$ cat work-v1.pdb   # PDB, C-alpha atoms and all ligand atoms
ATOM      1  CA  MET A 255     106.442  23.982 -89.688
ATOM      2  CA  ASN A 256     107.290  25.486 -86.408
ATOM      3  CA  PHE A 257     108.303  28.958 -85.312
ATOM      4  CA  LYS A 258     111.948  27.963 -84.935
ATOM      5  CA  ASP A 259     112.250  26.976 -88.618
ATOM      6  CA  ILE A 260     111.184  30.400 -89.752
ATOM      7  CA  GLU A 261     113.525  32.774 -91.496
ATOM      8  CA  TYR A 262     113.074  36.396 -90.555
ATOM      9  CA  ILE A 263     113.685  39.322 -92.855
ATOM     10  CA  ASN A 264     115.888  42.034 -91.329
ATOM     11  CA  ASP A 265     116.937  45.652 -91.907
ATOM     12  CA  ILE A 266     113.537  46.856 -93.036
ATOM     13  CA  ASN A 267     113.258  50.603 -93.629
ATOM     14  CA  ILE A 268     109.723  51.963 -93.519
ATOM     15  CA  SER A 269     108.844  53.963 -96.610
ATOM     16  CA  GLN A 270     105.746  55.766 -97.798
ATOM     17  CA  SER A 271     104.699  52.826 -99.936
ATOM     18  CA  ASP A 272     104.340  50.739 -96.761
ATOM     19  CA  ALA A 273     101.194  50.251 -94.692
ATOM     20  CA  LEU A 274     100.691  48.638 -91.293
ATOM     21  CA  ILE A 275      97.498  46.601 -90.885
ATOM     22  CA  VAL A 276      96.549  46.052 -87.237
ATOM     23  CA  VAL A 277      94.020  43.233 -87.144
ATOM     24  CA  ASP A 278      91.221  42.944 -84.564
ATOM     25  CA  VAL A 279      92.930  44.137 -81.352
ATOM     26  CA  GLN A 280      89.539  43.975 -79.619
ATOM     27  CA  ASN A 281      88.401  43.070 -76.114
ATOM     28  CA  ASP A 282      86.635  39.857 -77.122
ATOM     29  CA  PHE A 283      89.931  38.423 -78.432
ATOM     30  CA  MET A 284      91.760  39.212 -75.186
ATOM     31  CA  PRO A 285      92.109  36.860 -72.192
ATOM     32  CA  GLY A 286      88.737  37.012 -70.415
ATOM     33  CA  GLY A 287      86.905  37.973 -73.625
ATOM     34  CA  ALA A 288      84.270  35.989 -75.514
ATOM     35  CA  LEU A 289      86.748  34.401 -77.976
ATOM     36  CA  PRO A 290      90.006  34.703 -76.087
ATOM     37  CA  VAL A 291      93.358  34.346 -77.802
ATOM     38  CA  GLU A 292      96.011  33.228 -75.322
ATOM     39  CA  GLU A 293      98.420  36.098 -74.505
ATOM     40  CA  GLY A 294      96.503  38.332 -76.921
ATOM     41  CA  ASP A 295      97.047  41.283 -74.591
ATOM     42  CA  GLN A 296     100.832  40.887 -74.699
ATOM     43  CA  ILE A 297     101.209  42.258 -78.214
ATOM     44  CA  VAL A 298      99.489  45.599 -77.681
ATOM     45  CA  ASP A 299     102.519  47.605 -76.484
ATOM     46  CA  GLY A 300     104.660  46.412 -79.388
ATOM     47  CA  ILE A 301     101.924  47.243 -81.870
ATOM     48  CA  ASN A 302     101.663  50.757 -80.412
ATOM     49  CA  GLU A 303     105.414  51.217 -80.717
ATOM     50  CA  LEU A 304     105.436  50.130 -84.361
ATOM     51  CA  ALA A 305     102.286  52.082 -85.254
ATOM     52  CA  LYS A 306     103.946  55.220 -83.865
ATOM     53  CA  LYS A 307     106.912  54.698 -86.230
ATOM     54  CA  PHE A 308     104.641  54.235 -89.240
ATOM     55  CA  HIS A 309     102.638  57.296 -88.261
ATOM     56  CA  GLU A 310     105.757  59.454 -87.842
ATOM     57  CA  ASN A 311     106.837  58.360 -91.291
ATOM     58  CA  ASN A 312     103.494  59.229 -92.897
ATOM     59  CA  SER A 313     102.980  55.564 -93.728
ATOM     60  CA  PRO A 314      99.350  54.591 -93.181
ATOM     61  CA  VAL A 315      98.245  52.564 -90.186
ATOM     62  CA  ILE A 316      94.963  50.739 -90.796
ATOM     63  CA  LEU A 317      92.987  49.108 -87.980
ATOM     64  CA  THR A 318      90.467  46.354 -88.570
ATOM     65  CA  GLN A 319      87.553  45.626 -86.306
ATOM     66  CA  ASP A 320      85.492  42.431 -86.317
ATOM     67  CA  TRP A 321      81.978  43.910 -86.246
ATOM     68  CA  HIS A 322      79.144  41.408 -86.291
ATOM     69  CA  PRO A 323      75.416  42.080 -86.043
ATOM     70  CA  PRO A 324      73.635  40.139 -83.241
ATOM     71  CA  GLY A 325      72.734  36.611 -84.420
ATOM     72  CA  HIS A 326      75.580  36.487 -86.969
ATOM     73  CA  LYS A 327      75.723  33.138 -88.802
ATOM     74  CA  SER A 328      79.291  32.514 -87.598
ATOM     75  CA  PHE A 329      77.940  32.218 -84.040
ATOM     76  CA  ALA A 330      77.104  28.698 -82.820
ATOM     77  CA  SER A 331      74.089  30.263 -81.071
ATOM     78  CA  ALA A 332      72.564  30.992 -84.503
ATOM     79  CA  HIS A 333      72.442  27.238 -85.265
ATOM     80  CA  PRO A 334      70.147  25.175 -83.022
ATOM     81  CA  GLY A 335      72.014  22.279 -81.383
ATOM     82  CA  LYS A 336      75.482  23.578 -82.286
ATOM     83  CA  ASN A 337      78.246  24.587 -79.902
ATOM     84  CA  PRO A 338      81.240  26.905 -80.284
ATOM     85  CA  GLY A 339      84.106  25.001 -81.874
ATOM     86  CA  ASP A 340      81.808  22.640 -83.795
ATOM     87  CA  GLU A 341      82.823  22.075 -87.386
ATOM     88  CA  TYR A 342      80.623  23.907 -89.854
ATOM     89  CA  GLN A 343      81.600  24.775 -93.388
ATOM     90  CA  THR A 344      79.643  26.632 -96.035
ATOM     91  CA  GLU A 345      80.829  29.058 -98.692
ATOM     92  CA  ALA A 346      80.468  31.943 -96.280
ATOM     93  CA  ILE A 347      81.010  30.491 -92.779
ATOM     94  CA  GLY A 348      83.468  28.116 -91.134
ATOM     95  CA  PRO A 349      85.435  25.860 -90.800
ATOM     96  CA  VAL A 350      84.155  26.073 -87.197
ATOM     97  CA  LEU A 351      81.432  27.980 -85.372
ATOM     98  CA  TRP A 352      82.350  30.610 -82.803
ATOM     99  CA  PRO A 353      80.962  31.883 -79.523
ATOM    100  CA  ASP A 354      79.044  35.151 -79.881
ATOM    101  CA  HIS A 355      81.795  37.774 -80.181
ATOM    102  CA  CYS A 356      82.484  41.315 -81.381
ATOM    103  CA  VAL A 357      78.823  42.249 -81.573
ATOM    104  CA  GLN A 358      78.536  45.767 -83.020
ATOM    105  CA  ASP A 359      78.772  48.558 -80.481
ATOM    106  CA  THR A 360      79.408  46.312 -77.464
ATOM    107  CA  LYS A 361      82.363  46.471 -75.076
ATOM    108  CA  GLY A 362      83.654  43.190 -76.542
ATOM    109  CA  ALA A 363      83.876  44.773 -79.986
ATOM    110  CA  ALA A 364      85.753  47.834 -78.707
ATOM    111  CA  PHE A 365      89.507  48.081 -79.153
ATOM    112  CA  HIS A 366      91.735  47.067 -76.227
ATOM    113  CA  LYS A 367      91.918  50.089 -73.975
ATOM    114  CA  SER A 368      95.684  50.490 -74.440
ATOM    115  CA  LEU A 369      95.624  50.405 -78.243
ATOM    116  CA  LYS A 370      96.676  53.821 -79.574
ATOM    117  CA  THR A 371      93.889  54.304 -82.089
ATOM    118  CA  PRO A 372      94.724  57.948 -82.991
ATOM    119  CA  PHE A 373      97.590  56.613 -85.153
ATOM    120  CA  ALA A 374      95.057  55.045 -87.526
ATOM    121  CA  LYS A 375      94.262  56.549 -90.900
ATOM    122  CA  ALA A 376      91.256  54.254 -91.322
ATOM    123  CA  ILE A 377      89.283  51.582 -89.519
ATOM    124  CA  ILE A 378      87.929  48.741 -91.637
ATOM    125  CA  ARG A 379      84.932  46.974 -90.114
ATOM    126  CA  LYS A 380      84.320  43.442 -91.308
ATOM    127  CA  GLY A 381      81.906  40.574 -90.760
ATOM    128  CA  THR A 382      79.004  43.026 -90.926
ATOM    129  CA  ASN A 383      76.902  40.940 -93.329
ATOM    130  CA  PRO A 384      74.789  38.624 -91.106
ATOM    131  CA  GLU A 385      75.185  35.725 -93.566
ATOM    132  CA  ILE A 386      78.878  36.018 -94.470
ATOM    133  CA  ASP A 387      81.937  35.966 -92.236
ATOM    134  CA  SER A 388      85.030  37.972 -93.093
ATOM    135  CA  TYR A 389      88.287  36.789 -91.607
ATOM    136  CA  SER A 390      90.276  38.776 -94.121
ATOM    137  CA  ALA A 391      90.643  42.543 -94.077
ATOM    138  CA  PHE A 392      90.405  42.462 -97.886
ATOM    139  CA  LEU A 393      87.791  39.888 -98.924
ATOM    140  CA  GLU A 394      84.781  38.372 -97.213
ATOM    141  CA  ASN A 395      84.684  34.585 -96.828
ATOM    142  CA  ASP A 396      82.557  34.253 -99.985
ATOM    143  CA  LYS A 397      85.843  35.232-101.728
ATOM    144  CA  LYS A 398      83.933  37.752-103.841
ATOM    145  CA  THR A 399      82.881  40.698-101.728
ATOM    146  CA  GLU A 400      85.662  43.222-101.143
ATOM    147  CA  THR A 401      85.896  45.276 -97.959
ATOM    148  CA  GLY A 402      87.298  48.246 -99.915
ATOM    149  CA  LEU A 403      90.745  48.077 -98.303
ATOM    150  CA  THR A 404      92.518  47.023-101.511
ATOM    151  CA  GLY A 405      91.177  50.057-103.367
ATOM    152  CA  MET A 406      92.234  52.374-100.605
ATOM    153  CA  LEU A 407      95.770  50.977-100.385
ATOM    154  CA  LYS A 408      96.202  50.960-104.171
ATOM    155  CA  SER A 409      95.079  54.563-104.425
ATOM    156  CA  LEU A 410      97.645  55.445-101.744
ATOM    157  CA  LYS A 411     100.292  53.666-103.878
ATOM    158  CA  ILE A 412     101.020  51.124-101.163
ATOM    159  CA  GLU A 413     103.183  48.217-102.292
ATOM    160  CA  ARG A 414     104.264  46.545 -99.071
ATOM    161  CA  ILE A 415     102.044  45.669 -96.170
ATOM    162  CA  PHE A 416     102.919  44.576 -92.667
ATOM    163  CA  ILE A 417     100.322  42.565 -90.748
ATOM    164  CA  CYS A 418     100.029  42.179 -86.978
ATOM    165  CA  GLY A 419      97.231  41.560 -84.460
ATOM    166  CA  LEU A 420      94.741  38.751 -83.809
ATOM    167  CA  ALA A 421      94.350  36.003 -84.573
ATOM    168  CA  LEU A 422      97.415  34.657 -86.365
ATOM    169  CA  ASP A 423      95.676  31.644 -87.923
ATOM    170  CA  TYR A 424      92.391  33.374 -88.797
ATOM    171  CA  CYS A 425      92.132  37.053 -89.532
ATOM    172  CA  CYS A 426      95.887  37.700 -89.926
ATOM    173  CA  TYR A 427      96.334  34.577 -92.034
ATOM    174  CA  PHE A 428      93.459  35.227 -94.448
ATOM    175  CA  SER A 429      94.437  38.884 -94.725
ATOM    176  CA  ALA A 430      98.009  37.902 -95.628
ATOM    177  CA  ILE A 431      96.917  35.357 -98.250
ATOM    178  CA  ASP A 432      94.437  37.736 -99.891
ATOM    179  CA  ALA A 433      96.947  40.588 -99.850
ATOM    180  CA  THR A 434      99.411  38.499-101.849
ATOM    181  CA  ASP A 435      96.600  37.691-104.321
ATOM    182  CA  PHE A 436      95.939  41.420-104.696
ATOM    183  CA  GLY A 437      99.603  41.919-105.596
ATOM    184  CA  PHE A 438     101.025  43.336-102.369
ATOM    185  CA  ASN A 439     104.358  42.337-100.948
ATOM    186  CA  VAL A 440     103.321  40.948 -97.549
ATOM    187  CA  TYR A 441     105.144  40.659 -94.231
ATOM    188  CA  LEU A 442     103.628  38.985 -91.187
ATOM    189  CA  LEU A 443     104.993  40.280 -87.872
ATOM    190  CA  LEU A 444     105.229  37.108 -85.845
ATOM    191  CA  ASP A 445     106.049  38.592 -82.457
ATOM    192  CA  LEU A 446     103.079  40.960 -82.786
ATOM    193  CA  THR A 447     100.441  38.275 -83.314
ATOM    194  CA  LYS A 448      98.991  35.318 -81.372
ATOM    195  CA  GLY A 449      96.987  32.378 -82.685
ATOM    196  CA  ILE A 450      93.871  30.385 -81.772
ATOM    197  CA  ASP A 451      95.052  26.982 -83.144
ATOM    198  CA  LEU A 452      91.547  25.634 -83.768
ATOM    199  CA  PRO A 453      91.382  22.970 -85.077
ATOM    200  CA  GLU A 454      94.658  21.869 -83.498
ATOM    201  CA  GLY A 455      97.597  22.259 -85.880
ATOM    202  CA  ASN A 456      95.961  25.228 -87.578
ATOM    203  CA  ILE A 457      98.811  27.599 -86.662
ATOM    204  CA  SER A 458     101.549  25.514 -88.263
ATOM    205  CA  GLN A 459      99.362  24.817 -91.292
ATOM    206  CA  SER A 460      98.739  28.522 -91.792
ATOM    207  CA  LEU A 461     102.455  29.354 -91.436
ATOM    208  CA  GLU A 462     103.232  26.728 -94.059
ATOM    209  CA  ASN A 463     100.569  28.036 -96.443
ATOM    210  CA  MET A 464     101.751  31.615 -96.052
ATOM    211  CA  LYS A 465     105.327  30.626 -96.738
ATOM    212  CA  MET A 466     104.238  28.851 -99.925
ATOM    213  CA  LYS A 467     102.331  31.969-100.985
ATOM    214  CA  GLY A 468     105.455  34.099-100.618
ATOM    215  CA  VAL A 469     104.473  35.860 -97.395
ATOM    216  CA  LYS A 470     107.602  36.947 -95.533
ATOM    217  CA  PHE A 471     108.081  36.860 -91.786
ATOM    218  CA  ALA A 472     109.519  39.577 -89.601
ATOM    219  CA  ASN A 473     109.304  40.906 -86.068
ATOM    220  CA  ILE A 474     109.561  44.269 -84.377
ATOM    221  CA  ASN A 475     113.358  44.089 -84.295
ATOM    222  CA  SER A 476     113.468  43.597 -88.060
ATOM    223  CA  PHE A 477     112.989  47.348 -88.589
ATOM    224  CA  SER A 478     115.915  49.726 -88.739
ATOM    225  CA  TRP A 479     115.209  53.096 -87.191
TER     226      TRP A 479
HETATM  227  C1  LIG A 501      88.512  36.069 -85.829
HETATM  228  C2  LIG A 501      87.342  34.128 -85.552
HETATM  229  C3  LIG A 501      86.151  34.787 -85.722
HETATM  230  C4  LIG A 501      89.843  36.752 -85.856
HETATM  231  C5  LIG A 501      87.333  36.748 -86.015
HETATM  232  O1  LIG A 501      89.905  37.983 -85.623
HETATM  233  O2  LIG A 501      90.852  36.065 -86.114
HETATM  234  N1  LIG A 501      88.509  34.755 -85.614
HETATM  235  N2  LIG A 501      86.154  36.098 -85.965
HETATM  236 ZN    ZN A 502      84.316  37.145 -85.990
END

$ encode --input "work-v1.pdb" --output "structure tokens"
Amino acid sequence: MNFKDIEYINDINISQSDALIVVDVQNDFMPGGALPVEEGDQIVDGINELAKKFHENNSPVILTQDWHPPGHKSFASAHPGKNPGDEYQTEAIGPVLWPDHCVQDTKGAAFHKSLKTPFAKAIIRKGTNPEIDSYSAFLENDKKTETGLTGMLKSLKIERIFICGLALDYCCYFSAIDATDFGFNVYLLLDLTKGIDLPEGNISQSLENMKMKGVKFANINSFSW
């Protein structure tokens, strides 16, 4: 599956049962960062524009922040002889190892300087357990430990969630899949995300999987306002 085969939903009106989840718009995922996503910086203005609309409508904007302790097990440097990009799969880590990135309280873990963080109702920090990675904003990679975001959104009576940010085929993808499992109606904003594509083909595989799960695709022009 390729971007041009995708059907986009149109004429979306934001309502108070909608939430916007802005995934990992952090320096380390930007060009020049520790785990750069190509063109990752090009989505920030659009995300700000959309977040402003949600905020004006009293619909919650949630930011996520990858927030690893030093020596996190997802880092190749924590495994003697391993390099970033090497395959490594356990229940809690993988399918590949990463360069050291988004270490708690470092500049790399900070949000991109242009991201309008005052729009956020909450910031969910994930990947904080040294042994377990958390690509998803909802569930850690052990598929058991919740971040708490589901409870928050359910108590706010959120039904529909819109996902944007970085990276398309990791944190956005796993967040979208888990959100459907938790019963939300999920939209991925394809022009407000960029992917890593590691291993190669991972972006099209994740688009295919999301489509099969019932995730819908939209972009910033899909909203009517
Ligand atoms: C991410 C790899 C490792 C992401 C986070 O934000 O997509 N990817 N940690
Ligand atoms: Zn990470």

$ resolve_selection --input "work-v1.pdb" --expression "the PyMOL selection byres (((chain A and resi 437) around 10) and not hetatm)" --output "PyMOL selection string"
chain A and resi 404+408+413-414+432-436+438-440

$ residues_around --input "work-v1.pdb" --residues "stretch 317-331 of chain A" --least-positions-apart "2" --cutoff "7 Å" --atoms "only C-alpha atoms" --output "count of residues only"
31

$ resolve_selection --input "work-v1.pdb" --expression "the PyMOL selection byres (((chain A and resi 411) around 12) and not hetatm)" --output "list of chain:residue names"
A:Ser269, A:Gln270, A:Ser271, A:Asp272, A:Ala273, A:Ser313, A:Pro314, A:Thr404, A:Gly405, A:Met406, A:Leu407, A:Lys408, A:Ser409, A:Leu410, A:Ile412, A:Glu413, A:Arg414, A:Ile415, A:Gly437, A:Phe438

$ atom_distance --input "work-v1.pdb" --atom1 "atom CA of A:Ser476" --atom2 "atom CA of A:Ile263"
6.4 Å

$ closest_residue --input "work-v1.pdb" --among "A:Ile266, A:Cys418, A:Leu304, A:Leu369" --to "ligand LIG 501 (chain A)" --atoms "all atoms listed in the file"
A:Cys418

$ resolve_selection --input "work-v1.pdb" --expression "the PyMOL selection byres (((chain A and resi 430) around 8) and not hetatm)" --output "short mmCIF file (atom, residue, chain, number, x, y, z; two decimals) with C-alpha atoms, in the frame of the given file"
data_model
loop_
_atom_site.label_atom_id
_atom_site.label_comp_id
_atom_site.auth_asym_id
_atom_site.auth_seq_id
_atom_site.Cartn_x
_atom_site.Cartn_y
_atom_site.Cartn_z
CA SER A 390 90.28 38.78 -94.12
CA ILE A 417 100.32 42.56 -90.75
CA CYS A 426 95.89 37.70 -89.93
CA TYR A 427 96.33 34.58 -92.03
CA PHE A 428 93.46 35.23 -94.45
CA SER A 429 94.44 38.88 -94.72
CA ILE A 431 96.92 35.36 -98.25
CA ASP A 432 94.44 37.74 -99.89
CA ALA A 433 96.95 40.59 -99.85
CA THR A 434 99.41 38.50 -101.85
CA VAL A 440 103.32 40.95 -97.55
CA TYR A 441 105.14 40.66 -94.23
CA LEU A 442 103.63 38.98 -91.19
CA MET A 464 101.75 31.62 -96.05
CA VAL A 469 104.47 35.86 -97.40
#

$ atom_distance --input "work-v1.pdb" --atom1 "atom CA of A:Leu422" --atom2 "atom CA of A:Glu462"
12.5 Å

$ atom_distance --input "work-v1.pdb" --atom1 "atom CA of A:Asp259" --atom2 "atom CA of A:Leu461"
10.5 Å

$ residues_around --input "work-v1.pdb" --residues "A:Thr399" --least-positions-apart "5" --cutoff "10 Å" --atoms "only C-alpha atoms" --output "PDB file with C-alpha atoms, in the frame of the given file"
ATOM      1  CA  ILE A 386      78.878  36.018 -94.470  1.00  0.00           C
ATOM      2  CA  SER A 388      85.030  37.972 -93.093  1.00  0.00           C
ATOM      3  CA  PHE A 392      90.405  42.462 -97.886  1.00  0.00           C
ATOM      4  CA  LEU A 393      87.791  39.888 -98.924  1.00  0.00           C
ATOM      5  CA  GLU A 394      84.781  38.372 -97.213  1.00  0.00           C
TER       6      GLU A 394
END

$ closest_residue --input "work-v1.pdb" --among "A:Phe471, A:Leu403, A:Glu454, A:Tyr342" --to "A:Lys375" --atoms "all atoms listed in the file"
A:Leu403

$ residues_around --input "work-v1.pdb" --residues "A:Pro285" --least-positions-apart "2" --cutoff "12 Å" --atoms "only C-alpha atoms" --output "ChimeraX atom specification"
/A:279-283,287-296,362,366,448,450

$ closest_residue --input "work-v1.pdb" --among "A:Ala332, A:Leu274, A:Ile268, A:Val350" --to "ligand LIG 501 (chain A)" --atoms "all atoms listed in the file"
A:Val350

$ closest_residue --input "work-v1.pdb" --among "A:His355, A:Lys397, A:Lys258, A:Lys307" --to "ligand ZN 502 (chain A)" --atoms "all atoms listed in the file"
A:His355

$ axis_aligned_box --input "work-v1.pdb" --around "stretch 458-461 of chain A" --padding-each-side "5 Å" --output "JSON"
{"center_x": 100.6, "center_y": 27.1, "center_z": -90.0, "size_x": 13.7, "size_y": 14.5, "size_z": 13.5}

$ decode --input "work-v1.pdb" --residues "stretch 380-390 of chain A" --atoms "all heavy atoms" --output "short mmCIF file (atom, residue, chain, number, x, y, z; two decimals), in the first residue's frame"
data_model
loop_
_atom_site.label_atom_id
_atom_site.label_comp_id
_atom_site.auth_asym_id
_atom_site.auth_seq_id
_atom_site.Cartn_x
_atom_site.Cartn_y
_atom_site.Cartn_z
N LYS A 380 6.38 8.66 28.11
CA LYS A 380 6.38 7.21 27.89
C LYS A 380 7.79 6.70 27.64
O LYS A 380 8.67 7.48 27.27
CB LYS A 380 5.44 6.85 26.74
CG LYS A 380 5.84 7.53 25.46
CD LYS A 380 4.84 7.28 24.36
CE LYS A 380 5.33 7.87 23.07
NZ LYS A 380 6.64 7.37 22.62
N GLY A 381 7.96 5.39 27.87
CA GLY A 381 9.30 4.79 27.73
C GLY A 381 10.14 5.08 28.96
O GLY A 381 11.37 5.05 28.89
N THR A 382 9.48 5.32 30.09
CA THR A 382 10.20 5.70 31.31
C THR A 382 10.72 4.48 32.09
O THR A 382 11.62 4.62 32.90
CB THR A 382 9.29 6.52 32.24
OG1 THR A 382 8.09 5.78 32.49
CG2 THR A 382 8.90 7.84 31.60
N ASN A 383 10.13 3.31 31.84
CA ASN A 383 10.63 2.10 32.50
C ASN A 383 11.91 1.66 31.77
O ASN A 383 11.89 1.45 30.56
CB ASN A 383 9.55 1.00 32.41
CG ASN A 383 9.95 -0.28 33.11
OD1 ASN A 383 11.12 -0.68 33.11
ND2 ASN A 383 8.98 -0.95 33.70
N PRO A 384 13.04 1.52 32.49
CA PRO A 384 14.31 1.22 31.81
C PRO A 384 14.30 -0.09 31.03
O PRO A 384 15.08 -0.26 30.09
CB PRO A 384 15.34 1.14 32.95
CG PRO A 384 14.60 1.24 34.23
CD PRO A 384 13.20 1.70 33.95
N GLU A 385 13.39 -1.00 31.38
CA GLU A 385 13.37 -2.33 30.75
C GLU A 385 12.35 -2.45 29.62
O GLU A 385 12.37 -3.43 28.89
CB GLU A 385 13.01 -3.41 31.81
CG GLU A 385 13.91 -3.41 33.05
CD GLU A 385 15.33 -3.87 32.75
OE1 GLU A 385 15.49 -4.70 31.84
OE2 GLU A 385 16.26 -3.39 33.41
N ILE A 386 11.41 -1.52 29.56
CA ILE A 386 10.28 -1.68 28.62
C ILE A 386 10.16 -0.45 27.74
O ILE A 386 10.10 0.68 28.25
CB ILE A 386 8.94 -1.87 29.38
CG1 ILE A 386 9.06 -2.98 30.44
CG2 ILE A 386 7.80 -2.17 28.41
CD1 ILE A 386 7.78 -3.19 31.25
N ASP A 387 10.08 -0.64 26.42
CA ASP A 387 9.86 0.51 25.55
C ASP A 387 8.36 0.79 25.49
O ASP A 387 7.53 -0.04 25.90
CB ASP A 387 10.43 0.26 24.15
CG ASP A 387 10.90 1.57 23.51
OD1 ASP A 387 10.61 2.64 24.07
OD2 ASP A 387 11.55 1.51 22.45
N SER A 388 8.01 1.96 25.02
CA SER A 388 6.59 2.28 24.84
C SER A 388 6.45 3.13 23.60
O SER A 388 6.62 4.34 23.63
CB SER A 388 6.04 3.02 26.07
OG SER A 388 4.64 3.18 25.93
N TYR A 389 6.17 2.48 22.47
CA TYR A 389 5.93 3.23 21.25
C TYR A 389 4.56 3.90 21.33
O TYR A 389 4.36 5.00 20.84
CB TYR A 389 5.97 2.30 20.04
CG TYR A 389 7.32 1.65 19.80
CD1 TYR A 389 7.43 0.33 19.39
CD2 TYR A 389 8.50 2.38 19.97
CE1 TYR A 389 8.67 -0.26 19.15
CE2 TYR A 389 9.74 1.80 19.74
CZ TYR A 389 9.81 0.48 19.33
OH TYR A 389 11.02 -0.09 19.10
N SER A 390 3.62 3.18 21.92
CA SER A 390 2.24 3.65 21.94
C SER A 390 2.01 4.64 23.08
O SER A 390 2.61 4.53 24.15
CB SER A 390 1.34 2.43 22.10
OG SER A 390 0.08 2.77 22.61
#
